[in-house]
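Trainee: So that we are looking at the same thing, I have put the structure below in structure tokens.
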Amino acid sequence: MHRKEVNELNKCRVGKRHKNSRLWAVALGLLALAALCVSAAAQENTAKYWIAKGDDLFFNKSNPLEALESYEKAIQINPDNMTAWNGKSMVLDTLSVQTYSKILNLSETKLAKNPQDIEALQTSAMALASLGNREESNQFLKKAIDVYDQEIKDNPKNATAWFLKAGLISILNGSEEAISAYDKVIELNGSKMIDALITKGNILLNLGRYNESIDTIDKAIQLDPENPSVWYEKATYYNVLGKYNESLDAYEMITKLEPEKASAWLFKGNVLKALGRQTDADAAYAKAKELGHQE
């Protein structure tokens, strides 16, 4: 082959190679871009990605609500990721402080207009206790109790005032002192009597005074046998004592009174499981799931 023909052939080969090189370059570029997109999509499916995003939103952009969403997504991907749970807890604590601070500001405004505003007093006590300021919280509790004392002085038969006062006493001074206030509510035989019996029974149970507790709950059942709340208390009583057959009897009644309540079937299933009746327990769990319970 002549040199000229060889040169022409080489030019042709070189030209084709350059053209193919450009095609490969474009193809590789598209592949790289696709890889980046896949990589980004893959990152968004990792807990690490959403934790980092949550940290950025919370610490750098001061956006706790969106940060909370990011931590939630991380938890959905990896429910056992402790870092994600810590982030969620941190945001919720911050939101709680902001919320309680707002509540205190609103209560302070109301109390400036009316120092005996019972809602503002009780709300302030709750908010301060949640913020860890127990001493100042107790001061507001005492002021609220004073308001109820004045209402009781004006109307000694005000069962609602006695009932609400008993609840505050239980928080402030302990359950023992609250029992006498609940006894007064029961004595008045008003609309709050069943609630007073239930609460008193629960207090007695927590104090280990089991016989008094069940007597109190049974009295409530005698007065209002179709009230699911009293049967729940009875079931709780027997659960604490490990008497699951008696507890099951109570849950049988509860599921008759509230057949469409998922939690009633769930708790019944738990008792059946504790009794070793797994088949019956599974049927109760299935009913709870049918009614909307999510595991």
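Labels used: A, B, ... for chains in the order of the structure tokens, numbers from 1 for residues in each chain, and numbers from 1 for ligands as shown.
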Which neighbours of range 283-293 of chain A fall inside 10 Å, counting only C-alpha atoms, when residues of the same chain fewer than 5 positions from it are skipped, and could you give them as an mmCIF file with C-alpha atoms, in the first residue's frame?

Mentor:
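Okay, this is what ended up in part.cif:
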```
data_model
loop_
_atom_site.group_PDB
_atom_site.id
_atom_site.type_symbol
_atom_site.label_atom_id
_atom_site.label_comp_id
_atom_site.auth_asym_id
_atom_site.auth_seq_id
_atom_site.Cartn_x
_atom_site.Cartn_y
_atom_site.Cartn_z
ATOM 1 C CA PRO A 259 -67.468 -3.944 71.975
ATOM 2 C CA GLU A 260 -66.090 -1.453 69.462
ATOM 3 C CA LYS A 261 -63.161 -0.266 71.575
ATOM 4 C CA ALA A 262 -59.874 -1.722 70.345
ATOM 5 C CA SER A 263 -57.992 -1.229 73.629
ATOM 6 C CA ALA A 264 -60.577 -3.303 75.536
ATOM 7 C CA TRP A 265 -59.878 -6.307 73.287
ATOM 8 C CA LEU A 266 -56.147 -5.687 73.447
ATOM 9 C CA PHE A 267 -56.098 -5.732 77.268
ATOM 10 C CA LYS A 268 -58.355 -8.778 77.288
ATOM 11 C CA GLY A 269 -55.877 -10.481 74.963
ATOM 12 C CA ASN A 270 -53.025 -9.655 77.338
ATOM 13 C CA LEU A 272 -55.707 -14.360 78.194
ATOM 14 C CA LYS A 273 -52.058 -14.632 77.196
ATOM 15 C CA GLN A 278 -52.888 -18.282 73.480
#
```

Trainee: Mind running range 56-85 of chain A against range 89-103 of chain A at 12 Å and telling me each contacting residue's nearest atom pair with the distance in Å (one decimal), counting only C-alpha atoms, chain and number ascending, as CSV?

Mentor:
```
residue,atom,partner,partner_atom,distance
A:Leu57,CA,A:Val91,CA,10.5
A:Phe58,CA,A:Val91,CA,7.7
A:Phe59,CA,A:Val91,CA,10.2
A:Ser62,CA,A:Val91,CA,10.4
A:Asn63,CA,A:Val91,CA,9.5
A:Pro64,CA,A:Val91,CA,5.9
A:Leu65,CA,A:Val91,CA,7.9
A:Glu66,CA,A:Val91,CA,9.9
A:Ala67,CA,A:Val91,CA,7.4
A:Leu68,CA,A:Val91,CA,6.3
A:Glu69,CA,A:Val91,CA,10.1
A:Ser70,CA,A:Val91,CA,10.8
A:Tyr71,CA,A:Val91,CA,9.2
A:Glu72,CA,A:Ser89,CA,10.6
A:Ile75,CA,A:Ser89,CA,11.9
A:Met82,CA,A:Ser89,CA,10.4
A:Thr83,CA,A:Ser89,CA,9.8
A:Ala84,CA,A:Ser89,CA,8.6
A:Trp85,CA,A:Ser89,CA,6.1
```

Trainee: With a distance cut-off of 8 Å and only C-alpha atoms, select the neighbouring residues of Ile214 in chain A, excluding the residue or stretch itself and same-chain residues fewer than 6 positions from it, and output the selection as a ChimeraX atom specification.

Mentor: /A:201,234,237

Trainee: Could you jot down the CA of Met193 in chain A to CA of Ala181 in chain A separation for me, Å, one decimal place?

Mentor: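 Separating CA of Met193 in chain A from CA of Ala181 in chain A is a distance of 11.5 Å.
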
Trainee: Quick one: residues within 10 Å of Glu119 in chain A, only C-alpha atoms, excluding same-chain residues fewer than 4 positions away - as an NGL selection string?

Mentor: :A and (107 or 110-111 or 123-125 or 144)

Trainee: Using N, CA and C atoms, can you write the selected residues to a file as a PDB file, in the first residue's frame?

Mentor:
```
ATOM      1  N   SER A 107     -51.007  32.743  81.200  1.00  0.00           N
ATOM      2  CA  SER A 107     -51.547  32.657  82.559  1.00  0.00           C
ATOM      3  C   SER A 107     -51.210  33.903  83.361  1.00  0.00           C
ATOM      4  N   LYS A 110     -53.598  36.611  82.486  1.00  0.00           N
ATOM      5  CA  LYS A 110     -54.928  36.392  83.075  1.00  0.00           C
ATOM      6  C   LYS A 110     -54.917  36.659  84.579  1.00  0.00           C
ATOM      7  N   LEU A 111     -53.854  36.243  85.259  1.00  0.00           N
ATOM      8  CA  LEU A 111     -53.773  36.437  86.706  1.00  0.00           C
ATOM      9  C   LEU A 111     -53.581  37.908  87.080  1.00  0.00           C
ATOM     10  N   THR A 123     -53.090  25.902  85.530  1.00  0.00           N
ATOM     11  CA  THR A 123     -52.255  25.770  84.343  1.00  0.00           C
ATOM     12  C   THR A 123     -50.814  26.190  84.637  1.00  0.00           C
ATOM     13  N   SER A 124     -50.660  27.250  85.403  1.00  0.00           N
ATOM     14  CA  SER A 124     -49.315  27.694  85.787  1.00  0.00           C
ATOM     15  C   SER A 124     -48.603  26.626  86.607  1.00  0.00           C
ATOM     16  N   ALA A 125     -49.341  26.013  87.534  1.00  0.00           N
ATOM     17  CA  ALA A 125     -48.766  24.957  88.362  1.00  0.00           C
ATOM     18  C   ALA A 125     -48.293  23.794  87.494  1.00  0.00           C
ATOM     19  N   ALA A 144     -54.571  27.788  94.224  1.00  0.00           N
ATOM     20  CA  ALA A 144     -55.752  27.175  93.613  1.00  0.00           C
ATOM     21  C   ALA A 144     -56.611  26.492  94.681  1.00  0.00           C
TER      22      ALA A 144
END
```

Trainee: Taking the backbone alone, and naming residues the way the document does, which bits of range 75-271 of chain A are helix (DSSP H, G or I) by DSSP, as number ranges by chain?

Mentor: A: 75-77, 82-113, 118-130, 134-154, 159-173, 175-188, 193-206, 210-223, 228-241, 244-257, 262-271

Trainee: Neighbouring residues of Asp215 in chain A were defined as those with any atom within 12 Å, considering only C-alpha atoms; residues of the same chain fewer than 3 positions away were excluded. Please report them as a ChimeraX atom specification.

Mentor: /A:197-198,200-202,204-205,209-212,218-222,230,233-234,237

Trainee: Nearest residue to Ala129 in chain A out of A:Ser229, A:Ala159, A:Ile51, A:Ile171, using only C-alpha atoms?

Mentor: A:Ile171

Trainee: Figure out the distance between CA of Ile217 in chain A and CA of Glu252 in chain A, please, to one decimal in Å.

Mentor: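 Interatomic distance, CA of Glu252 in chain A to CA of Ile217 in chain A: 16.8 Å.
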
Trainee: Figure out the distance between CA of Phe163 in chain A and CA of Leu207 in chain A, please, to one decimal in Å.

Mentor: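 So the two atoms, CA of Leu207 in chain A and CA of Phe163 in chain A, lie 19.5 Å apart.
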
Trainee: Can you tell me which residues surround range 182-191 of chain A at a distance of at most 10 Å, considering only C-alpha atoms, apart from same-chain residues fewer than 2 positions away, and format the answer as number ranges by chain?

Mentor: A: 156-167, 177-180, 193-200

Trainee: Emit the selected residues as a PDB file, in the first residue's frame, including C-alpha atoms.

Mentor:
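Full text of part.pdb as output:
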```pdb
ATOM      1  CA  PRO A 156     -70.285  23.452 101.532  1.00  0.00           C
ATOM      2  CA  LYS A 157     -72.242  21.058  99.299  1.00  0.00           C
ATOM      3  CA  ASN A 158     -70.310  21.961  96.159  1.00  0.00           C
ATOM      4  CA  ALA A 159     -69.167  18.418  95.276  1.00  0.00           C
ATOM      5  CA  THR A 160     -67.271  19.567  92.191  1.00  0.00           C
ATOM      6  CA  ALA A 161     -65.164  21.980  94.260  1.00  0.00           C
ATOM      7  CA  TRP A 162     -64.433  19.217  96.762  1.00  0.00           C
ATOM      8  CA  PHE A 163     -63.469  16.837  93.947  1.00  0.00           C
ATOM      9  CA  LEU A 164     -61.123  19.295  92.248  1.00  0.00           C
ATOM     10  CA  LYS A 165     -59.615  20.295  95.585  1.00  0.00           C
ATOM     11  CA  ALA A 166     -58.949  16.611  96.353  1.00  0.00           C
ATOM     12  CA  GLY A 167     -57.019  16.243  93.104  1.00  0.00           C
ATOM     13  CA  GLU A 177     -54.691  13.686 102.701  1.00  0.00           C
ATOM     14  CA  ALA A 178     -56.678  13.554  99.488  1.00  0.00           C
ATOM     15  CA  ILE A 179     -58.713  10.534 100.598  1.00  0.00           C
ATOM     16  CA  SER A 180     -60.696  12.542 103.167  1.00  0.00           C
ATOM     17  CA  MET A 193     -69.419  10.489  93.408  1.00  0.00           C
ATOM     18  CA  ILE A 194     -68.512   7.705  90.949  1.00  0.00           C
ATOM     19  CA  ASP A 195     -65.402   9.600  89.853  1.00  0.00           C
ATOM     20  CA  ALA A 196     -64.474  10.063  93.515  1.00  0.00           C
ATOM     21  CA  LEU A 197     -64.924   6.342  94.229  1.00  0.00           C
ATOM     22  CA  ILE A 198     -62.794   5.384  91.225  1.00  0.00           C
ATOM     23  CA  THR A 199     -60.031   7.822  92.148  1.00  0.00           C
ATOM     24  CA  LYS A 200     -60.114   6.837  95.810  1.00  0.00           C
TER      25      LYS A 200
END
```
